[in-house]
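With mmCIF, C-alpha atoms inside, this is work-v9.cif:
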data_structure
#
loop_
_atom_site.group_PDB
_atom_site.id
_atom_site.type_symbol
_atom_site.label_atom_id
_atom_site.label_comp_id
_atom_site.auth_asym_id
_atom_site.auth_seq_id
_atom_site.Cartn_x
_atom_site.Cartn_y
_atom_site.Cartn_z
ATOM 1 C CA MET A 1 46.404 92.032 162.297
ATOM 2 C CA GLY A 2 43.063 92.549 160.650
ATOM 3 C CA LEU A 3 40.379 91.030 158.483
ATOM 4 C CA PHE A 4 38.980 93.157 155.664
ATOM 5 C CA SER A 5 35.938 92.446 153.497
ATOM 6 C CA PHE A 6 35.671 93.215 149.789
ATOM 7 C CA ILE A 7 33.173 92.704 146.984
ATOM 8 C CA LYS A 8 34.153 89.362 145.492
ATOM 9 C CA ASP A 9 32.964 90.059 141.943
ATOM 10 C CA ALA A 10 34.617 93.495 141.602
ATOM 11 C CA GLY A 11 38.196 94.144 140.622
ATOM 12 C CA ALA A 12 40.901 93.050 138.265
ATOM 13 C CA LYS A 13 41.354 89.469 137.142
ATOM 14 C CA LEU A 14 44.749 87.987 137.895
ATOM 15 C CA LEU A 15 44.762 85.145 135.410
ATOM 16 C CA GLY A 16 43.390 84.766 131.917
ATOM 17 C CA ALA A 17 39.679 83.952 131.703
ATOM 18 C CA ASP A 18 40.343 80.369 130.650
ATOM 19 C CA GLU A 19 42.601 79.736 133.668
ATOM 20 C CA GLU A 20 40.246 81.339 136.207
ATOM 21 C CA GLU A 21 37.278 79.402 134.877
ATOM 22 C CA LYS A 22 38.985 76.018 135.347
ATOM 23 C CA ALA A 23 37.795 75.858 138.944
ATOM 24 C CA PRO A 24 36.056 72.595 139.826
ATOM 25 C CA ALA A 25 32.495 72.457 138.563
ATOM 26 C CA GLY A 26 31.676 68.892 139.571
ATOM 27 C CA GLN A 27 31.434 67.770 135.932
ATOM 28 C CA GLN A 28 35.078 66.853 135.378
ATOM 29 C CA ALA A 29 36.670 63.551 134.430
ATOM 30 C CA PRO A 30 37.020 61.139 137.377
ATOM 31 C CA GLU A 31 40.846 61.239 137.323
ATOM 32 C CA VAL A 32 40.862 64.988 138.062
ATOM 33 C CA ASP A 33 40.787 65.900 141.740
ATOM 34 C CA PRO A 34 38.718 69.133 142.042
ATOM 35 C CA ALA A 35 40.492 70.075 145.287
ATOM 36 C CA GLU A 36 43.880 69.747 143.596
ATOM 37 C CA VAL A 37 42.707 71.877 140.651
ATOM 38 C CA ARG A 38 41.472 74.550 143.096
ATOM 39 C CA ARG A 39 44.776 74.428 145.019
ATOM 40 C CA LYS A 40 46.786 74.950 141.823
ATOM 41 C CA ILE A 41 44.595 77.879 140.742
ATOM 42 C CA ASP A 42 44.917 79.463 144.203
ATOM 43 C CA GLN A 43 48.693 79.023 144.055
ATOM 44 C CA LYS A 44 48.878 80.710 140.617
ATOM 45 C CA ARG A 45 46.715 83.575 141.876
ATOM 46 C CA SER A 46 48.957 83.976 144.961
ATOM 47 C CA LEU A 47 52.065 84.230 142.772
ATOM 48 C CA ALA A 48 50.309 86.709 140.452
ATOM 49 C CA LEU A 49 49.417 88.920 143.440
ATOM 50 C CA ILE A 50 53.008 88.863 144.701
ATOM 51 C CA ARG A 51 54.174 89.924 141.215
ATOM 52 C CA THR A 52 51.553 92.690 141.096
ATOM 53 C CA ILE A 53 52.564 94.061 144.503
ATOM 54 C CA HIS A 54 56.225 94.121 143.444
ATOM 55 C CA ASP A 55 55.389 95.618 140.012
ATOM 56 C CA LEU A 56 53.524 98.465 141.739
ATOM 57 C CA GLY A 57 56.695 99.273 143.688
ATOM 58 C CA LEU A 58 55.179 98.540 147.096
ATOM 59 C CA GLU A 59 57.990 97.650 149.495
ATOM 60 C CA VAL A 60 57.214 94.503 151.476
ATOM 61 C CA GLU A 61 59.958 92.516 153.138
ATOM 62 C CA ASP A 62 59.392 88.729 153.263
ATOM 63 C CA LEU A 63 56.080 89.066 151.388
ATOM 64 C CA GLN A 64 53.829 86.027 151.559
ATOM 65 C CA VAL A 65 50.401 85.794 149.945
ATOM 66 C CA SER A 66 48.257 82.701 150.128
ATOM 67 C CA ILE A 67 44.789 82.338 148.674
ATOM 68 C CA HIS A 68 42.174 79.884 149.858
ATOM 69 C CA THR A 69 39.306 80.145 147.348
ATOM 70 C CA ASP A 70 37.939 83.663 148.083
ATOM 71 C CA ARG A 71 40.065 84.480 151.146
ATOM 72 C CA ALA A 72 43.617 85.828 150.976
ATOM 73 C CA GLU A 73 46.239 85.946 153.705
ATOM 74 C CA VAL A 74 49.086 88.484 153.483
ATOM 75 C CA ARG A 75 52.208 88.527 155.640
ATOM 76 C CA GLY A 76 55.412 90.528 155.657
ATOM 77 C CA LYS A 77 56.983 93.731 156.893
ATOM 78 C CA VAL A 78 56.226 97.184 155.463
ATOM 79 C CA PRO A 79 57.855 100.562 156.103
ATOM 80 C CA ASP A 80 54.643 102.474 156.907
ATOM 81 C CA GLN A 81 50.881 102.353 157.416
ATOM 82 C CA ALA A 82 50.148 103.640 153.898
ATOM 83 C CA THR A 83 52.062 100.752 152.301
ATOM 84 C CA LYS A 84 50.238 98.282 154.529
ATOM 85 C CA GLU A 85 46.854 99.656 153.470
ATOM 86 C CA LYS A 86 47.834 99.715 149.798
ATOM 87 C CA VAL A 87 48.910 96.067 149.904
ATOM 88 C CA VAL A 88 45.569 95.116 151.480
ATOM 89 C CA LEU A 89 43.758 97.057 148.741
ATOM 90 C CA VAL A 90 45.765 95.500 145.904
ATOM 91 C CA VAL A 91 44.870 92.049 147.184
ATOM 92 C CA GLY A 92 41.249 92.846 148.075
ATOM 93 C CA ASN A 93 40.472 94.729 144.864
ATOM 94 C CA THR A 94 41.091 91.530 142.920
ATOM 95 C CA ARG A 95 38.183 89.681 141.339
ATOM 96 C CA GLY A 96 37.353 86.592 143.384
ATOM 97 C CA ILE A 97 38.726 87.860 146.709
ATOM 98 C CA ALA A 98 36.056 88.466 149.366
ATOM 99 C CA GLN A 99 38.290 88.751 152.441
ATOM 100 C CA VAL A 100 41.874 89.705 153.197
ATOM 101 C CA GLN A 101 43.484 88.596 156.436
ATOM 102 C CA GLU A 102 46.594 90.702 156.922
ATOM 103 C CA ASP A 103 49.468 90.155 159.264
ATOM 104 C CA LEU A 104 51.767 92.942 158.078
ATOM 105 C CA GLU A 105 54.304 94.354 160.512
ATOM 106 C CA VAL A 106 54.654 98.141 160.211
ATOM 107 C CA ASP A 107 58.002 99.853 160.920
ATOM 108 C CA ALA A 108 56.590 103.350 161.504
ATOM 109 C CA ALA A 109 53.192 103.582 163.147
ATOM 110 C CA GLU A 110 50.871 106.236 161.694
ATOM 111 C CA GLN A 111 47.212 107.145 161.841
ATOM 112 C CA GLU A 112 45.123 104.674 159.843
ATOM 113 C CA ALA A 113 43.138 105.688 156.793
ATOM 114 C CA THR A 114 39.513 104.687 156.395
ATOM 115 C CA PHE A 115 38.357 102.516 153.511
ATOM 116 C CA TYR A 116 35.520 103.500 151.194
ATOM 117 C CA THR A 117 33.708 101.220 148.720
ATOM 118 C CA VAL A 118 32.932 103.031 145.464
ATOM 119 C CA GLU A 119 29.267 103.043 144.465
ATOM 120 C CA SER A 120 27.726 103.586 141.048
ATOM 121 C CA GLY A 121 27.800 107.301 140.202
ATOM 122 C CA ASP A 122 30.686 108.093 142.553
ATOM 123 C CA THR A 123 33.566 110.341 141.552
ATOM 124 C CA LEU A 124 36.601 111.224 143.609
ATOM 125 C CA TRP A 125 35.157 114.751 143.894
ATOM 126 C CA LYS A 126 31.889 113.375 145.308
ATOM 127 C CA ILE A 127 33.707 111.030 147.692
ATOM 128 C CA SER A 128 35.937 113.897 148.854
ATOM 129 C CA LYS A 129 32.885 116.081 149.493
ATOM 130 C CA GLU A 130 31.276 113.279 151.566
ATOM 131 C CA GLN A 131 34.436 112.401 153.494
ATOM 132 C CA TYR A 132 36.101 115.808 153.929
ATOM 133 C CA GLY A 133 33.229 118.240 153.384
ATOM 134 C CA GLU A 134 35.049 119.664 150.376
ATOM 135 C CA GLY A 135 35.178 118.168 146.865
ATOM 136 C CA GLY A 136 38.348 120.019 145.968
ATOM 137 C CA LYS A 137 40.393 117.716 148.197
ATOM 138 C CA TYR A 138 39.809 114.793 145.800
ATOM 139 C CA MET A 139 43.497 114.760 144.828
ATOM 140 C CA LEU A 140 44.368 113.694 148.407
ATOM 141 C CA ILE A 141 42.325 110.541 147.793
ATOM 142 C CA PHE A 142 43.863 110.057 144.352
ATOM 143 C CA GLU A 143 47.420 110.434 145.691
ATOM 144 C CA ALA A 144 46.654 108.091 148.615
ATOM 145 C CA ASN A 145 45.649 105.366 146.151
ATOM 146 C CA LYS A 146 48.627 105.581 143.807
ATOM 147 C CA PRO A 147 50.024 103.493 142.178
ATOM 148 C CA MET A 148 46.797 101.457 142.015
ATOM 149 C CA LEU A 149 44.970 104.469 140.537
ATOM 150 C CA THR A 150 46.552 106.005 137.464
ATOM 151 C CA ASP A 151 43.788 108.503 136.609
ATOM 152 C CA PRO A 152 41.417 110.317 139.001
ATOM 153 C CA ASP A 153 38.531 109.671 136.604
ATOM 154 C CA LYS A 154 39.005 105.887 136.526
ATOM 155 C CA ILE A 155 37.303 104.325 139.526
ATOM 156 C CA TYR A 156 34.663 101.595 139.427
ATOM 157 C CA PRO A 157 31.762 100.406 141.594
ATOM 158 C CA GLY A 158 32.919 97.881 144.177
ATOM 159 C CA GLN A 159 36.476 99.199 144.256
ATOM 160 C CA VAL A 160 37.754 99.981 147.742
ATOM 161 C CA LEU A 161 39.788 103.164 148.199
ATOM 162 C CA ARG A 162 41.964 104.564 150.997
ATOM 163 C CA ILE A 163 40.648 107.778 152.493
ATOM 164 C CA PRO A 164 43.613 109.263 154.366
ATOM 165 C CA PRO A 165 43.136 111.511 157.364
ATOM 166 C CA LEU A 166 43.433 115.198 156.535
ATOM 167 C CA PRO A 167 46.866 116.641 157.270
ATOM 168 C CA ALA A 168 47.072 118.668 160.472
ATOM 169 C CA ALA A 169 46.523 122.363 159.794
#

Step by step, read the file and then write its structure as structure tokens.
Amino acid sequence: MGLFSFIKDAGAKLLGADEEEKAPAGQQAPEVDPAEVRRKIDQKRSLALIRTIHDLGLEVEDLQVSIHTDRAEVRGKVPDQATKEKVVLVVGNTRGIAQVQEDLEVDAAEQEATFYTVESGDTLWKISKEQYGEGGKYMLIFEANKPMLTDPDKIYPGQVLRIPPLPAA
């Protein structure tokens, strides 16, 4: 079980702009309970994340995602460490999520990857050179972040990527 931090304002939006912006602002009609509005938005975002995880083809048995404002909790059972890390990244690389608390059971234990937060000016080549000492290994990083990444040239500042350990020689 672990707690991971992300950049809250980076990442994909789950809901349309009008739905995400309905969060309580303190200026609403008296009959509207701001806490209830927030709860309903969090519930919609949780369901959207579950759909996204399934749409990406990530296998998670008994998947549960619950959002509490900017903190997400993820539970379930995954076949391997890579799937676990990808699920954490899908949830954490979502606009509005600052922390992910995961309680994902892994069937086959493997060496953990490290996480890297993309900075302005980064490319997968540059990240590979920093992490592995060789830029030409950038496709290892790209492959480790599929299906979330669809193009090695499309990364953005604030995005968190998996950096897998190098395969044994």

_Selection: 9 Å around Val118 (chain A), only C-alpha atoms, excl. self and same-chain fewer than 3 positions, as JSON, numbers by chain_ = {"A": [121, 122, 123, 127, 155, 156, 157, 158, 159, 160, 161]}

*asked:* Evaluate the PyMOL selection byres ((chain A and resi 81) around 9) against this structure - the residues, as a ChimeraX atom specification, please.
replied: /A:78-80,82-86,106-113

_Nearest residue to Ala12 (chain A) out of A:Ile141, A:Val88, A:Leu49, A:Val74, using all atoms listed in the file?_
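Among the listed residues, A:Leu49 lies closest to Ala12 (chain A).
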
_Give me the residues near region 145-154 of chain A as a VMD selection string, where near means some atom within 9 Å (using all atoms listed in the file) and where sequence neighbours in that chain fewer than 6 positions away do not count._
chain A and resid 56 to 58 86 89 to 90 123 to 124 138 to 139 161 to 163

Please produce a file of the residues just selected, as a PDB file, in the frame of the given file, where the atoms kept are C-alpha atoms.
ATOM      1  CA  LEU A  56      53.524  98.465 141.739  1.00  0.00           C
ATOM      2  CA  GLY A  57      56.695  99.273 143.688  1.00  0.00           C
ATOM      3  CA  LEU A  58      55.179  98.540 147.096  1.00  0.00           C
ATOM      4  CA  LYS A  86      47.834  99.715 149.798  1.00  0.00           C
ATOM      5  CA  LEU A  89      43.758  97.057 148.741  1.00  0.00           C
ATOM      6  CA  VAL A  90      45.765  95.500 145.904  1.00  0.00           C
ATOM      7  CA  THR A 123      33.566 110.341 141.552  1.00  0.00           C
ATOM      8  CA  LEU A 124      36.601 111.224 143.609  1.00  0.00           C
ATOM      9  CA  TYR A 138      39.809 114.793 145.800  1.00  0.00           C
ATOM     10  CA  MET A 139      43.497 114.760 144.828  1.00  0.00           C
ATOM     11  CA  LEU A 161      39.788 103.164 148.199  1.00  0.00           C
ATOM     12  CA  ARG A 162      41.964 104.564 150.997  1.00  0.00           C
ATOM     13  CA  ILE A 163      40.648 107.778 152.493  1.00  0.00           C
TER      14      ILE A 163
END

*A:Asp42, A:Arg95, A:His54, A:Val87 ranked by distance to Thr69 (chain A), top pick (using only C-alpha atoms)*: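 Going through A:Asp42, A:Arg95, A:His54, A:Val87 one by one, the smallest distance to Thr69 (chain A) is for A:Asp42.
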
*Report as a ChimeraX atom specification the residues that result from applying the PyMOL selection byres ((chain A and resi 64) around 7) to the structure here.*
/A:62-63,65-66,74-76

*Find the distance between CA of Arg51 (chain A) and CA of Lys13 (chain A) and write it in Å to one decimal.*
13.5 Å

*Determine the nearest neighbour of Asp9 (chain A) from the options A:Lys126, A:Gly136, A:Asp70, A:Ala168, counting all atoms listed in the file.*
A:Asp70

*Around (36.4, 86.6, 156.1) in the file's frame, which residues reach within 8 Å when counting only C-alpha atoms? Return as a list of chain:residue names?*
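Final list of nearby residues, as requested, is A:Leu3, A:Phe4, A:Ser5, A:Arg71, A:Ala98, A:Gln99, A:Val100, A:Gln101.
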
*Between A:Glu119, A:Asp33, A:Glu61, A:Asp55, single out the one closest to Glu105 (chain A), counting all atoms listed in the file.*
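Among the listed residues, the smallest separation from Glu105 (chain A) belongs to A:Glu61.
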
*Between CA of Gly2 (chain A) and CA of Ile67 (chain A), what is the distance, to one decimal in Å?*
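That distance, rounded to one decimal, is 15.8 Å.
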
*How many Å separate CA of Ser128 (chain A) from CA of Leu166 (chain A)?*
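Between these atoms lies a distance of 10.8 Å.
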
*From the list A:Leu140, A:Ala10, A:Ala72, A:Leu104, which residue is nearest Leu47 (chain A) when using only C-alpha atoms?*
A:Ala72

_Which polymer residues, whether protein, DNA or RNA, lie within 6 Å of the coordinate (36.9, 90.3, 146.3) when you count all atoms listed in the file? List them as a ChimeraX atom specification, using the chain letters and numbers from the file._
/A:6-9,92-98

Mind completing region 126-144 of chain A with N, CA and C atoms? Output as a compact mmCIF listing (two decimals), in the coordinates of the input, please?
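New file result-v3.txt:
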# COMPACT_ATOMS: atom_id res chain seq x y z
N LYS A 126 33.06 113.67 144.47
CA LYS A 126 31.89 113.38 145.31
C LYS A 126 32.32 112.69 146.61
N ILE A 127 33.22 111.74 146.50
CA ILE A 127 33.71 111.03 147.69
C ILE A 127 34.41 112.01 148.63
N SER A 128 35.23 112.90 148.06
CA SER A 128 35.94 113.90 148.85
C SER A 128 34.95 114.82 149.57
N LYS A 129 33.90 115.21 148.88
CA LYS A 129 32.88 116.08 149.49
C LYS A 129 32.22 115.37 150.67
N GLU A 130 31.90 114.07 150.49
CA GLU A 130 31.28 113.28 151.57
C GLU A 130 32.23 113.08 152.74
N GLN A 131 33.48 112.77 152.45
CA GLN A 131 34.44 112.40 153.49
C GLN A 131 35.09 113.60 154.17
N TYR A 132 35.37 114.66 153.40
CA TYR A 132 36.10 115.81 153.93
C TYR A 132 35.26 117.07 154.01
N GLY A 133 34.06 117.05 153.41
CA GLY A 133 33.23 118.24 153.38
C GLY A 133 33.62 119.22 152.28
N GLU A 134 34.56 118.80 151.45
CA GLU A 134 35.05 119.66 150.38
C GLU A 134 35.51 118.80 149.19
N GLY A 135 34.84 118.96 148.05
CA GLY A 135 35.18 118.17 146.86
C GLY A 135 36.56 118.44 146.32
N GLY A 136 37.05 119.64 146.51
CA GLY A 136 38.35 120.02 145.97
C GLY A 136 39.53 119.26 146.56
N LYS A 137 39.31 118.50 147.59
CA LYS A 137 40.39 117.72 148.20
C LYS A 137 40.49 116.31 147.58
N TYR A 138 39.83 116.12 146.43
CA TYR A 138 39.81 114.79 145.80
C TYR A 138 41.21 114.29 145.44
N MET A 139 42.15 115.21 145.19
CA MET A 139 43.50 114.76 144.83
C MET A 139 44.21 114.10 146.01
N LEU A 140 43.81 114.41 147.25
CA LEU A 140 44.37 113.69 148.41
C LEU A 140 44.01 112.21 148.33
N ILE A 141 42.78 111.94 147.93
CA ILE A 141 42.32 110.54 147.79
C ILE A 141 43.05 109.89 146.63
N PHE A 142 43.16 110.60 145.51
CA PHE A 142 43.86 110.06 144.35
C PHE A 142 45.31 109.71 144.71
N GLU A 143 46.02 110.65 145.32
CA GLU A 143 47.42 110.43 145.69
C GLU A 143 47.56 109.28 146.69
N ALA A 144 46.60 109.15 147.60
CA ALA A 144 46.65 108.09 148.62
C ALA A 144 46.45 106.71 148.01
